[in-house]
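S.K.: File name my_file.tsv; file contents TSV, C-alpha atoms; full text below.
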chain	number	residue	atom	x	y	z
I	1	MET	CA	141.72	152.36	-86.00
I	2	SER	CA	141.38	156.13	-86.38
I	3	ARG	CA	144.44	158.35	-86.27
I	4	ARG	CA	143.25	160.01	-83.05
I	5	SER	CA	142.62	156.72	-81.22
I	6	GLY	CA	146.02	155.50	-82.39
I	7	ILE	CA	147.67	158.52	-80.80
I	8	LEU	CA	145.83	157.87	-77.53
I	9	GLU	CA	146.89	154.22	-77.48
I	10	PHE	CA	150.49	155.24	-78.12
I	11	ALA	CA	150.43	157.74	-75.23
I	12	VAL	CA	148.76	155.29	-72.82
I	13	LEU	CA	151.34	152.60	-73.55
I	14	GLY	CA	154.15	155.12	-73.12
I	15	LEU	CA	152.89	156.36	-69.76
I	16	LEU	CA	152.30	152.84	-68.46
I	17	ARG	CA	155.82	151.91	-69.49
I	18	GLU	CA	156.95	154.33	-66.78
I	19	SER	CA	154.76	152.76	-64.08
I	20	PRO	CA	151.37	151.05	-63.61
I	21	MET	CA	148.46	153.46	-63.08
I	22	HIS	CA	144.71	153.45	-62.63
I	23	GLY	CA	142.40	155.29	-65.00
I	24	TYR	CA	142.22	158.54	-63.04
I	25	GLU	CA	146.01	158.80	-62.86
I	26	LEU	CA	146.30	158.11	-66.58
I	27	ARG	CA	143.77	160.77	-67.50
I	28	LYS	CA	145.52	163.28	-65.24
I	29	ARG	CA	148.90	162.55	-66.84
I	30	LEU	CA	147.41	162.78	-70.33
I	31	ASN	CA	145.91	166.17	-69.48
I	32	THR	CA	148.89	167.68	-67.66
I	33	SER	CA	151.90	166.14	-69.41
I	34	LEU	CA	150.45	165.86	-72.90
I	35	GLY	CA	148.30	168.92	-73.52
I	36	VAL	CA	147.07	167.53	-76.83
I	37	PHE	CA	144.79	165.22	-74.81
I	38	ARG	CA	143.04	167.93	-72.78
I	39	ALA	CA	139.77	167.24	-74.60
I	40	PHE	CA	139.77	163.49	-73.91
I	41	SER	CA	137.20	162.15	-71.46
I	42	TYR	CA	136.82	158.96	-69.46
I	43	GLY	CA	134.32	157.89	-72.12
I	44	THR	CA	137.20	157.88	-74.60
I	45	LEU	CA	139.95	156.58	-72.32
I	46	TYR	CA	138.28	153.46	-70.92
I	47	PRO	CA	137.30	151.94	-74.29
I	48	CYS	CA	140.93	152.48	-75.31
I	49	LEU	CA	142.13	150.68	-72.18
I	50	LYS	CA	139.74	147.79	-72.80
I	51	THR	CA	141.06	147.49	-76.37
I	52	LEU	CA	144.65	147.39	-75.15
I	53	VAL	CA	143.76	144.73	-72.56
I	54	ALA	CA	142.01	142.63	-75.20
I	55	SER	CA	145.09	142.93	-77.42
I	56	GLY	CA	147.27	141.55	-74.65
I	57	TRP	CA	149.27	144.74	-74.24
I	58	LEU	CA	147.87	145.60	-70.81
I	59	ILE	CA	146.59	143.62	-67.84
I	60	GLU	CA	144.13	144.75	-65.19
I	61	GLU	CA	145.00	144.35	-61.52
I	62	PRO	CA	143.06	145.30	-58.39
I	63	GLY	CA	144.32	148.22	-56.29
I	64	SER	CA	147.25	147.12	-54.17
I	65	ALA	CA	146.20	148.77	-50.90
I	66	PRO	CA	143.71	146.58	-48.92
I	67	GLU	CA	142.22	149.62	-47.17
I	68	ASP	CA	141.35	151.12	-50.55
I	69	ALA	CA	139.36	148.03	-51.49
I	70	LEU	CA	137.59	148.03	-48.11
I	71	ALA	CA	136.70	151.71	-48.38
I	72	ALA	CA	135.38	151.20	-51.89
I	73	SER	CA	133.30	148.23	-50.73
I	74	LEU	CA	131.79	150.18	-47.83
I	75	ALA	CA	130.94	153.03	-50.19
I	76	GLY	CA	129.31	150.67	-52.66
I	77	ARG	CA	131.97	151.27	-55.30
I	78	ARG	CA	134.38	148.92	-57.03
I	79	ALA	CA	138.04	149.08	-56.08
I	80	LYS	CA	140.17	150.97	-58.57
I	81	ILE	CA	141.69	148.90	-61.34
I	82	VAL	CA	145.38	149.34	-61.99
I	83	TYR	CA	146.64	148.92	-65.55
I	84	ARG	CA	150.06	147.37	-66.10
I	85	LEU	CA	152.04	147.03	-69.32
I	86	THR	CA	152.76	143.44	-70.40
I	87	ALA	CA	155.94	142.23	-72.07
I	88	ASP	CA	154.06	142.16	-75.38
I	89	GLY	CA	152.80	145.69	-74.70
I	90	LYS	CA	156.34	146.93	-74.09
I	91	GLU	CA	157.51	145.33	-77.33
I	92	HIS	CA	154.59	146.85	-79.22
I	93	PHE	CA	155.33	150.32	-77.81
I	94	GLU	CA	158.97	150.02	-78.83
I	95	GLU	CA	157.83	149.18	-82.37
I	96	LEU	CA	155.62	152.27	-82.36
I	97	LEU	CA	158.56	154.37	-81.15
I	98	SER	CA	160.61	153.28	-84.15
I	99	HIS	CA	157.90	154.37	-86.60
I	100	THR	CA	158.81	157.53	-88.54
I	101	GLY	CA	156.11	157.72	-91.20
I	102	PRO	CA	154.16	160.86	-92.17
I	103	ASP	CA	151.65	160.39	-89.33
I	104	SER	CA	154.41	161.10	-86.81
I	105	TRP	CA	154.91	164.56	-88.35
I	106	GLU	CA	151.31	165.73	-87.96
I	107	ASP	CA	150.37	168.22	-85.23
I	108	GLU	CA	148.79	165.93	-82.63
I	109	HIS	CA	150.92	162.86	-83.27
I	110	PHE	CA	154.14	164.87	-83.27
I	111	ALA	CA	153.32	166.35	-79.85
I	112	ALA	CA	152.77	162.85	-78.43
I	113	ARG	CA	155.93	161.50	-80.09
I	114	PHE	CA	158.01	164.40	-78.80
I	115	ALA	CA	156.79	163.75	-75.24
I	116	PHE	CA	158.48	160.34	-75.40
I	117	PHE	CA	161.68	161.40	-77.13
I	118	GLY	CA	163.62	160.48	-73.98
I	119	GLN	CA	162.79	156.84	-74.76
I	120	THR	CA	163.45	157.13	-78.50
I	121	GLU	CA	166.64	156.30	-80.41
I	122	ARG	CA	168.60	159.30	-81.70
I	123	GLU	CA	168.28	158.34	-85.38
I	124	VAL	CA	164.52	158.03	-85.02
I	125	ARG	CA	164.33	161.40	-83.25
I	126	MET	CA	166.24	162.96	-86.13
I	127	ARG	CA	163.92	161.51	-88.76
I	128	VAL	CA	160.82	162.68	-86.89
I	129	LEU	CA	162.22	166.18	-86.34
I	130	GLU	CA	163.32	166.55	-89.96
I	131	GLY	CA	159.99	165.20	-91.20
I	132	ARG	CA	158.10	167.64	-88.99
I	133	ARG	CA	160.24	170.53	-90.24
I	134	SER	CA	159.64	169.54	-93.86
I	135	ARG	CA	155.89	169.37	-93.23
I	136	LEU	CA	155.84	172.85	-91.67
I	137	GLU	CA	157.95	174.31	-94.45
I	138	GLU	CA	155.40	172.99	-96.95
I	139	ARG	CA	152.65	174.54	-94.83
I	140	LEU	CA	154.44	177.88	-94.84
I	141	GLU	CA	154.73	177.86	-98.64
I	142	LYS	CA	150.99	177.21	-98.99
I	143	MET	CA	150.10	179.88	-96.43
I	144	SER	CA	152.33	182.42	-98.14
I	145	ALA	CA	150.88	181.63	-101.58
I	146	SER	CA	147.33	181.88	-100.23
I	147	LEU	CA	148.06	185.20	-98.54
I	148	THR	CA	149.51	186.60	-101.76
I	149	ARG	CA	146.40	185.61	-103.72
I	150	THR	CA	143.85	186.90	-101.21
I	151	ARG	CA	145.63	189.87	-99.61
I	152	GLU	CA	143.59	192.48	-101.52
I	153	ARG	CA	140.28	190.88	-100.51
I	154	LEU	CA	141.00	190.61	-96.77
I	155	ASP	CA	140.19	193.19	-94.13
I	156	ASP	CA	142.94	194.29	-91.73
I	157	TYR	CA	141.94	191.92	-88.91
I	158	THR	CA	141.73	188.81	-91.06
I	159	LEU	CA	145.05	189.74	-92.65
I	160	GLU	CA	146.65	190.13	-89.23
I	161	LEU	CA	145.26	186.76	-88.12
I	162	GLN	CA	146.83	185.06	-91.13
I	163	ARG	CA	150.15	186.76	-90.46
I	164	HIS	CA	149.98	185.60	-86.85
I	165	GLY	CA	149.46	182.03	-88.03
I	166	MET	CA	152.47	182.23	-90.32
I	167	GLU	CA	154.63	183.68	-87.56
I	168	SER	CA	153.63	180.80	-85.26
I	169	VAL	CA	154.68	178.23	-87.85
I	170	GLU	CA	157.93	180.12	-88.50
I	171	ARG	CA	158.72	180.06	-84.77
I	172	GLU	CA	158.23	176.31	-84.64
I	173	VAL	CA	160.49	175.84	-87.67
I	174	ARG	CA	163.24	177.83	-85.89
I	175	TRP	CA	162.70	175.72	-82.76
I	176	LEU	CA	162.99	172.53	-84.82
I	177	ASN	CA	166.18	173.81	-86.45
I	178	GLU	CA	167.66	174.33	-83.00
I	179	LEU	CA	166.69	170.81	-81.89
I	180	ILE	CA	168.06	169.23	-85.06
I	181	GLU	CA	171.37	171.05	-84.69
I	182	SER	CA	171.58	169.89	-81.06
I	183	GLU	CA	170.94	166.29	-82.11
I	184	ARG	CA	173.67	166.53	-84.75
I	185	ALA	CA	176.08	168.07	-82.27
I	186	GLY	CA	175.40	165.18	-79.90
I	187	ARG	CA	176.92	162.78	-82.44
I	188	ASP	CA	180.28	164.52	-82.28
I	189	LYS	CA	183.09	163.24	-80.15
I	190	ARG	CA	184.43	165.40	-77.36
I	191	SER	CA	188.03	165.64	-76.20
I	192	THR	CA	189.09	164.37	-72.78
I	193	PRO	CA	191.82	165.90	-70.57
I	194	ASP	CA	194.37	163.29	-71.70
I	195	GLY	CA	193.84	164.19	-75.35
I	196	SER	CA	191.87	161.08	-76.27
I	197	THR	CA	188.29	161.14	-77.52
I	198	GLN	CA	185.16	159.43	-76.35
I	199	GLN	CA	181.55	159.44	-77.37
I	200	ASP	CA	179.49	162.16	-75.72
I	201	THR	CA	176.77	160.09	-74.05
I	202	THR	CA	175.17	163.00	-72.25
I	203	SER	CA	173.22	164.14	-75.30
I	204	GLU	CA	171.89	160.60	-75.75
I	205	GLU	CA	170.46	160.67	-72.24
I	206	THR	CA	168.98	164.15	-72.55
I	207	GLY	CA	167.50	163.54	-75.97
I	208	GLY	CA	169.77	166.06	-77.67
I	209	LEU	CA	167.97	169.04	-76.15
I	210	PRO	CA	169.78	172.37	-76.05
I	211	ARG	CA	171.24	173.10	-72.63
I	212	HIS	CA	169.55	176.50	-72.42
I	213	ARG	CA	166.02	176.65	-73.75
I	214	ASP	CA	164.22	179.90	-74.52
I	215	PRO	CA	160.90	179.75	-72.58
I	216	SER	CA	159.26	181.84	-75.30
I	217	ARG	CA	159.68	179.06	-77.85
I	218	PRO	CA	156.40	177.32	-78.76
I	219	ASP	CA	155.33	174.02	-77.32
I	220	PRO	CA	154.83	171.40	-80.10
I	221	SER	CA	151.26	170.85	-78.89
I	222	ASP	CA	150.47	174.58	-79.12
I	223	ASP	CA	147.18	174.97	-80.97
I	224	THR	CA	148.50	178.02	-82.82
I	225	THR	CA	150.83	175.82	-84.86
I	226	LYS	CA	148.01	173.78	-86.29
If you convert what's in this file into structure tokens, what do you get?
M.R.:
Amino acid sequence: MSRRSGILEFAVLGLLRESPMHGYELRKRLNTSLGVFRAFSYGTLYPCLKTLVASGWLIEEPGSAPEDALAASLAGRRAKIVYRLTADGKEHFEELLSHTGPDSWEDEHFAARFAFFGQTEREVRMRVLEGRRSRLEERLEKMSASLTRTRERLDDYTLELQRHGMESVEREVRWLNELIESERAGRDKRSTPDGSTQQDTTSEETGGLPRHRDPSRPDPSDDTTK
């Protein structure tokens, strides 16, 4: 399995965990909710769905509305197939959610993982965020070293483009620092009016996100961070 097809399978399983969908709905959600999949076509999605069905992680069901099937029959088309996650598929997705290896820190995979952080355990979120930050810090070091070596040979526009790329990575590192600090703060106990303490469960439900987000901060699927 290629890395890119693995990301697609992960995203499909995650979306179907929310509710059953047919292919058109899935593609729309992949395009609108997970921008990293804007370039995917039906020619890529349906083989992925067939693979997941063959693996026992999805089942195919006919459209639930009788009038839809009738209309499709009259028009000479097949009724839409609805894809539903199986119990084995749910278990497999949960295993994927717990994975925190280097692949989960890469540009495309990180964007997909982040989209499902609301379903991910806090410790796993922390490992993915810290791994992503470490990867970007390594990238910054390489970019800086390369710029130092080639600065004298670059024209003004190429030099500005490289600076822009570095600034984009720096912005994402700052964004990751903010998320990591919010996750850590969510582990703290808060005081109650009677002086006792209890675990702050709100941050667990919200995924540790800061309460006030700066809209200018980059999206993790932003192509400029790649």
S.K.: Residues around (149.1, 153.1, -79.8), cut-off 12 Å, counting only C-alpha atoms - what are they as number ranges by chain?
M.R.: I: 1-16, 48-49, 51-52, 55, 57-58, 89-97, 99, 104, 109, 112-113
S.K.: Name the closest residue to I:Ala111 among the candidates I:Leu34, I:Met143, I:Ala87, I:Met21; distances are taken between atoms, counting only C-alpha atoms.
M.R.: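 Smallest separation from I:Ala111 among the options: I:Leu34.
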S.K.: How many Å lie between atom CA of I:Glu25 and atom CA of I:Lys80, rounded to one decimal?
M.R.: 10.7 Å
S.K.: Could you please determine the separation between atom CA of I:Glu181 and atom CA of I:His164 in Å, to one decimal place?
M.R.: 26.0 Å
S.K.: Taking all listed atoms of stretch 28-32 of chain I, build the axis-aligned box, pad each of the six sides by 6 Å, then write its centre and edge lengths in Å to one decimal as AutoDock Vina command-line options.
M.R.:
--center_x 147.2 --center_y 165.1 --center_z -67.8 --size_x 15.4 --size_y 17.1 --size_z 17.1
S.K.: For I:Val128, find every residue with an atom within 10 Å (counting all atoms listed in the file), except residues of its own chain fewer than 3 positions away, and show them as a VMD selection string.
M.R.: chain I and resid 98 to 105 110 113 to 114 117 122 to 125 131 to 134 180
S.K.: Just the number, please: distance in Å from atom CA of I:Ser33 to atom CA of I:Ala115, one decimal.
M.R.: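 According to the coordinates, atom CA of I:Ser33 and atom CA of I:Ala115 are separated by 8.0 Å.
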S.K.: I:Arg171, I:His22, I:Arg17, I:Arg29: which is nearest I:Glu61, counting all atoms listed in the file?
M.R.: I:His22
S.K.: Take the point (159.7, 181.6, -86.3) in the file's coordinates, draw a sphere of radius 12 Å around it, and report as a PyMOL selection string every protein, DNA or RNA residue with an atom inside or on it, counting all atoms listed in the file.
M.R.: chain I and resi 133+136-137+140+163-178+216-218+225
S.K.: With distances taken over only C-alpha atoms, which residue among I:Leu85, I:Met126, I:Ala54, I:Leu30 lies nearest I:Arg184?
M.R.: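 Smallest distance to I:Arg184 is found for I:Met126.
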S.K.: Measuring between only C-alpha atoms, which one of I:Gln162, I:Thr44, I:Thr120, I:Thr32 shows the shortest distance to I:Ser146?
M.R.: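 Smallest separation from I:Ser146 among the options: I:Gln162.
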